[in-house]
Amino acid sequence: MLEVKDLRVRFLSRPEKYAVDGVSFHMDDGEILGLVGESGSGKSVTAMAVSGLLPRRQTECSGSILLDGREMLNVDRDAIRAVQGKDLSVVFQEPMTSLDPVMRIGRQVEESLRIHTDMTAEQRKTAALRAMTEAELKDPELTYHKYPHELSGGMLQRVMIAAAIVSEPKLLLADEPTTALDVTIQAQILELLKKINREKGMSILFISHNLNVVRKLCTRVAVMHKGRIVETGSAEDVFYHPQEAYTQHLIAAIPTRDKRLR
């Protein structure tokens, strides 16, 4: 479904260093893959390359990104726009900065349908309300007419998920979607993503610095360090039997009850 081959990305402001340096991985249909690493490891840059969101005038990319056999890297903007929001959708870490503060929620959830379909306004609203229900937003009809500032952080993240799934994409790319949320809401969002994967068969590329969160959600994990993937395997194998020193370091950094009591 998704195949990344020897991906290299460098920013023209720092041409001597690759932010992503020879990354390769694949995803199967219906799989949840976790891409994990500390800040600056290259995981978010990798995600932006996959989603076609890297600023072209500021970056240089090489390698290959195939989505269902279609090349996504360094193709023209029209080809990327035809896929974004239709076959591939993104959920970002900070919904308040991703949503338009002066546009009602319903219109923002419908955005990809306006771009990629010939649906009538009524059909778009019906689809948006269905997606909002699937994202477990309370009272979707009322929320449809609200503005972002009227909703909590957890509700806004559900709005982002509704907007991402409304067009039934093949791949959902979630970039640190739970980092800004409290633990209770974080657990709810993870369960929601599991449900979407299970019920819709949607593949999810989940980006996080938290290996414990990745273990709870993902079937397979790729660990990134300094722009490279240093370890891959099933979530359980990587968490309980890490082979690389860097992975062991990430696991040791996970807060536990005993550590908090010290």
# chains A, B, ... in the order shown; residues from 1 in each chain; ligands from 1
>>> closest_atom_pairs(of="segment 57-109 of chain A", to="segment 171-174 of chain A", cutoff="8 Å", atoms="only C-alpha atoms", output="tab-separated table")
residue	atom	partner	partner_atom	distance
A:Asp87	CA	A:Leu171	CA	6.4
A:Leu88	CA	A:Leu171	CA	4.8
A:Ser89	CA	A:Leu172	CA	5.1
A:Val90	CA	A:Leu173	CA	4.7
A:Val91	CA	A:Ala174	CA	4.7
A:Phe92	CA	A:Ala174	CA	6.3
A:Gln93	CA	A:Ala174	CA	8.0
>>> write_last_selection(atoms="N, CA, C and O atoms", output="compact mmCIF listing (two decimals), in the first residue's frame")
# COMPACT_ATOMS: atom_id res chain seq x y z
N ASP A 87 -7.06 10.13 -0.95
CA ASP A 87 -6.46 8.82 -0.67
C ASP A 87 -5.57 8.86 0.56
O ASP A 87 -5.27 7.82 1.15
N LEU A 88 -5.15 10.05 0.94
CA LEU A 88 -4.25 10.22 2.08
C LEU A 88 -4.68 11.45 2.87
O LEU A 88 -4.85 12.52 2.30
N SER A 89 -4.88 11.30 4.17
CA SER A 89 -5.27 12.42 5.02
C SER A 89 -4.33 12.51 6.22
O SER A 89 -3.73 11.50 6.62
N VAL A 90 -4.24 13.71 6.80
CA VAL A 90 -3.31 13.95 7.90
C VAL A 90 -4.04 14.50 9.11
O VAL A 90 -4.92 15.36 8.98
N VAL A 91 -3.68 14.00 10.29
CA VAL A 91 -4.14 14.56 11.56
C VAL A 91 -2.91 15.12 12.26
O VAL A 91 -1.96 14.38 12.55
N PHE A 92 -2.93 16.42 12.54
CA PHE A 92 -1.76 17.08 13.11
C PHE A 92 -1.83 17.13 14.64
O PHE A 92 -2.86 16.85 15.26
N GLN A 93 -0.71 17.53 15.24
CA GLN A 93 -0.59 17.59 16.69
C GLN A 93 -1.43 18.70 17.29
O GLN A 93 -2.06 18.51 18.33
>>> residues_around(residues="Gln108 of chain A", least_positions_apart="5", cutoff="9 Å", atoms="only C-alpha atoms", output="VMD selection string")
chain A and resid 99 to 100 103 159 to 160 163
>>> write_last_selection(atoms="C-alpha atoms", output="compact mmCIF listing (two decimals), in the first residue's frame")
# COMPACT_ATOMS: atom_id res chain seq x y z
CA LEU A 99 -8.25 24.71 11.81
CA ASP A 100 -9.50 28.04 10.44
CA MET A 103 -14.86 28.99 9.65
CA VAL A 159 -12.90 17.28 14.53
CA MET A 160 -9.51 16.85 12.83
CA ALA A 163 -12.18 15.83 8.59
>>> closest_residue(among="A:Lys86, A:His209, A:Lys216, A:Arg124", to="Lys194 of chain A", atoms="only C-alpha atoms")
A:Lys216
>>> select_by_dssp(residues="segment 63-254 of chain A", states="strand (DSSP E or B)", output="PyMOL selection string")
chain A and resi 63-67+70-71+84+88-91+171-175+203-208+220-225+228-234
>>> write_last_selection(atoms="N, CA and C atoms", output="mmCIF file, in the first residue's frame")
data_model
loop_
_atom_site.group_PDB
_atom_site.id
_atom_site.type_symbol
_atom_site.label_atom_id
_atom_site.label_comp_id
_atom_site.auth_asym_id
_atom_site.auth_seq_id
_atom_site.Cartn_x
_atom_site.Cartn_y
_atom_site.Cartn_z
ATOM 1 N N GLY A 63 14.897 9.639 -3.699
ATOM 2 C CA GLY A 63 14.362 8.351 -3.306
ATOM 3 C C GLY A 63 13.015 8.121 -3.962
ATOM 4 N N SER A 64 12.142 7.384 -3.297
ATOM 5 C CA SER A 64 10.841 7.062 -3.870
ATOM 6 C C SER A 64 9.802 6.875 -2.775
ATOM 7 N N ILE A 65 8.601 7.388 -3.021
ATOM 8 C CA ILE A 65 7.454 7.168 -2.134
ATOM 9 C C ILE A 65 6.304 6.695 -3.012
ATOM 10 N N LEU A 66 5.942 5.425 -2.884
ATOM 11 C CA LEU A 66 4.884 4.837 -3.701
ATOM 12 C C LEU A 66 3.630 4.610 -2.866
ATOM 13 N N LEU A 67 2.520 5.186 -3.290
ATOM 14 C CA LEU A 67 1.220 4.960 -2.658
ATOM 15 C C LEU A 67 0.359 4.202 -3.657
ATOM 16 N N ARG A 70 1.753 4.430 -7.075
ATOM 17 C CA ARG A 70 1.895 5.758 -7.679
ATOM 18 C C ARG A 70 3.010 6.526 -6.984
ATOM 19 N N GLU A 71 3.914 7.075 -7.773
ATOM 20 C CA GLU A 71 5.023 7.846 -7.223
ATOM 21 C C GLU A 71 4.498 9.170 -6.655
ATOM 22 N N GLN A 84 -4.093 14.236 -1.801
ATOM 23 C CA GLN A 84 -4.248 14.787 -0.456
ATOM 24 C C GLN A 84 -5.724 14.993 -0.123
ATOM 25 N N LEU A 88 -5.150 10.045 0.943
ATOM 26 C CA LEU A 88 -4.253 10.219 2.084
ATOM 27 C C LEU A 88 -4.684 11.449 2.871
ATOM 28 N N SER A 89 -4.882 11.298 4.169
ATOM 29 C CA SER A 89 -5.269 12.422 5.024
ATOM 30 C C SER A 89 -4.335 12.506 6.218
ATOM 31 N N VAL A 90 -4.243 13.707 6.802
ATOM 32 C CA VAL A 90 -3.309 13.955 7.896
ATOM 33 C C VAL A 90 -4.045 14.505 9.114
ATOM 34 N N VAL A 91 -3.677 14.002 10.286
ATOM 35 C CA VAL A 91 -4.136 14.561 11.557
ATOM 36 C C VAL A 91 -2.906 15.122 12.262
ATOM 37 N N LEU A 171 -5.013 5.859 3.523
ATOM 38 C CA LEU A 171 -3.948 6.034 4.507
ATOM 39 C C LEU A 171 -4.231 7.259 5.362
ATOM 40 N N LEU A 172 -4.206 7.063 6.675
ATOM 41 C CA LEU A 172 -4.332 8.160 7.631
ATOM 42 C C LEU A 172 -2.975 8.362 8.287
ATOM 43 N N LEU A 173 -2.446 9.562 8.176
ATOM 44 C CA LEU A 173 -1.150 9.887 8.753
ATOM 45 C C LEU A 173 -1.399 10.743 9.996
ATOM 46 N N ALA A 174 -1.061 10.203 11.159
ATOM 47 C CA ALA A 174 -1.313 10.887 12.427
ATOM 48 C C ALA A 174 0.013 11.317 13.040
ATOM 49 N N ASP A 175 0.281 12.620 13.040
ATOM 50 C CA ASP A 175 1.553 13.161 13.513
ATOM 51 C C ASP A 175 1.402 13.687 14.941
ATOM 52 N N SER A 203 -5.395 2.128 6.776
ATOM 53 C CA SER A 203 -4.015 2.052 7.250
ATOM 54 C C SER A 203 -3.662 3.345 7.983
ATOM 55 N N ILE A 204 -2.867 3.232 9.042
ATOM 56 C CA ILE A 204 -2.499 4.407 9.837
ATOM 57 C C ILE A 204 -0.983 4.429 10.037
ATOM 58 N N LEU A 205 -0.369 5.535 9.649
ATOM 59 C CA LEU A 205 1.035 5.793 9.966
ATOM 60 C C LEU A 205 1.041 6.747 11.156
ATOM 61 N N PHE A 206 1.459 6.240 12.307
ATOM 62 C CA PHE A 206 1.354 6.982 13.563
ATOM 63 C C PHE A 206 2.731 7.462 13.988
ATOM 64 N N ILE A 207 2.902 8.774 14.082
ATOM 65 C CA ILE A 207 4.183 9.387 14.434
ATOM 66 C C ILE A 207 4.165 9.764 15.907
ATOM 67 N N SER A 208 5.205 9.377 16.646
ATOM 68 C CA SER A 208 5.238 9.712 18.065
ATOM 69 C C SER A 208 6.661 9.634 18.603
ATOM 70 N N ARG A 220 3.153 -2.716 14.279
ATOM 71 C CA ARG A 220 4.574 -2.772 13.923
ATOM 72 C C ARG A 220 5.193 -1.413 14.167
ATOM 73 N N VAL A 221 6.494 -1.393 14.472
ATOM 74 C CA VAL A 221 7.179 -0.156 14.861
ATOM 75 C C VAL A 221 8.486 -0.010 14.089
ATOM 76 N N ALA A 222 8.777 1.232 13.670
ATOM 77 C CA ALA A 222 10.079 1.580 13.115
ATOM 78 C C ALA A 222 10.664 2.694 13.987
ATOM 79 N N VAL A 223 11.854 2.474 14.500
ATOM 80 C CA VAL A 223 12.500 3.434 15.401
ATOM 81 C C VAL A 223 13.485 4.280 14.607
ATOM 82 N N MET A 224 13.347 5.616 14.697
ATOM 83 C CA MET A 224 14.232 6.528 13.975
ATOM 84 C C MET A 224 15.200 7.226 14.913
ATOM 85 N N HIS A 225 16.419 7.427 14.418
ATOM 86 C CA HIS A 225 17.453 8.128 15.176
ATOM 87 C C HIS A 225 18.394 8.815 14.196
ATOM 88 N N ARG A 228 17.701 8.203 10.442
ATOM 89 C CA ARG A 228 17.728 6.839 9.919
ATOM 90 C C ARG A 228 16.845 5.926 10.758
ATOM 91 N N ILE A 229 16.347 4.863 10.152
ATOM 92 C CA ILE A 229 15.636 3.832 10.893
ATOM 93 C C ILE A 229 16.661 2.849 11.435
ATOM 94 N N VAL A 230 16.688 2.710 12.759
ATOM 95 C CA VAL A 230 17.709 1.875 13.391
ATOM 96 C C VAL A 230 17.160 0.527 13.839
ATOM 97 N N GLU A 231 15.821 0.402 13.919
ATOM 98 C CA GLU A 231 15.238 -0.870 14.338
ATOM 99 C C GLU A 231 13.788 -0.943 13.887
ATOM 100 N N THR A 232 13.374 -2.098 13.423
ATOM 101 C CA THR A 232 11.972 -2.341 13.081
ATOM 102 C C THR A 232 11.564 -3.702 13.636
ATOM 103 N N GLY A 233 10.265 -3.848 13.840
ATOM 104 C CA GLY A 233 9.760 -5.118 14.323
ATOM 105 C C GLY A 233 8.345 -4.964 14.829
ATOM 106 N N SER A 234 7.768 -6.053 15.324
ATOM 107 C CA SER A 234 6.443 -5.955 15.918
ATOM 108 C C SER A 234 6.527 -5.061 17.154
#
>>> residues_around(residues="segment 145-155 of chain A", least_positions_apart="6", cutoff="12 Å", atoms="only C-alpha atoms", output="number ranges by chain")
A: 93-109, 125, 128-129, 132-133, 135-139, 161-162, 177-190, 192
